[in-house]
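Just below is one structure, and these are the notes that go with it.
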Amino acid sequence: MTTVAARPTAPQVTRRKRTSPGGGIGRYIAVRFLLIFPTIFILVSMVFWLMRATGDPITAALGGRLTADQLAERIHAAGYDRPILIQYFEYLGQIFTGNFGTTISTNKPVVDVLLTYGVATAELAFYALLVAFIVGIPLGMVAAYFRDKRARTPPSASSRSSATPPRSSSPGCC
């Protein structure tokens with residue numbers, strides 16, 4: 001009698017569901033969206049502290065145009081004579097509730113100024129984005145087509161030079 005040795009069976013491979021290690025595009029978008037809040041908080045805090053670095057904003061904006069009594073009255077009315085930390089937390093509280101205060105020079109509500117000029121700013125940003133897409137996508141396609149070739153240089157140079165920030169030619173700026 002001969003015994004037949006049992007064939008070794010191949011180990012069973014269990015297939016795991018493929019998952020992306022980073023969590024996917026949804027997680028990326030959610031994280032980016034949630035980062036808006038600390039970014040805005042840091043920006044608002046920086047604006048507050050930099051505006052107070054040279055003193056109070058009323059003296060900086062209207063110091064030479066008002067008498068000493070008028071200046072003191074405006075400073076007291078705006079609350080700039082109180083301790084700086086109290087001003088800071090009141091500032092954060094007012095921004096959180098949507099009260100952005102009034103402008104220093106014209107004494108108009110800041111919300112009205114934002115609504116007046118915000119529409120034009122949003123329109124300008126929309127058209128700038130549209131031009132960027134119209135110019136950028138074809139240039140990107142040309143650069144991808146001529147990848148690793150000498151003909152790629154003009155689109156790459158064009159994209160690098162157009163990424164520099166514009167400089168205003170208006171007087172008193174920058």
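Within each chain, counting starts at residue 1; across the structure tokens, chains are named A, B, ... in the order shown, with ligands numbered 1 upward in that order.
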Residues near Phe48 (chain A), anyone? I mean within 8 Å using only C-alpha atoms, not counting same-chain ones fewer than 4 positions away, as an MDAnalysis selection string.
chainID A and resid 44 52 88
As an NGL selection string, please: the residues near region 72-85 of chain A (cut-off 9 Å, only C-alpha atoms, same-chain neighbours under 5 positions excluded).
:A and (52 or 56-59 or 67 or 90)
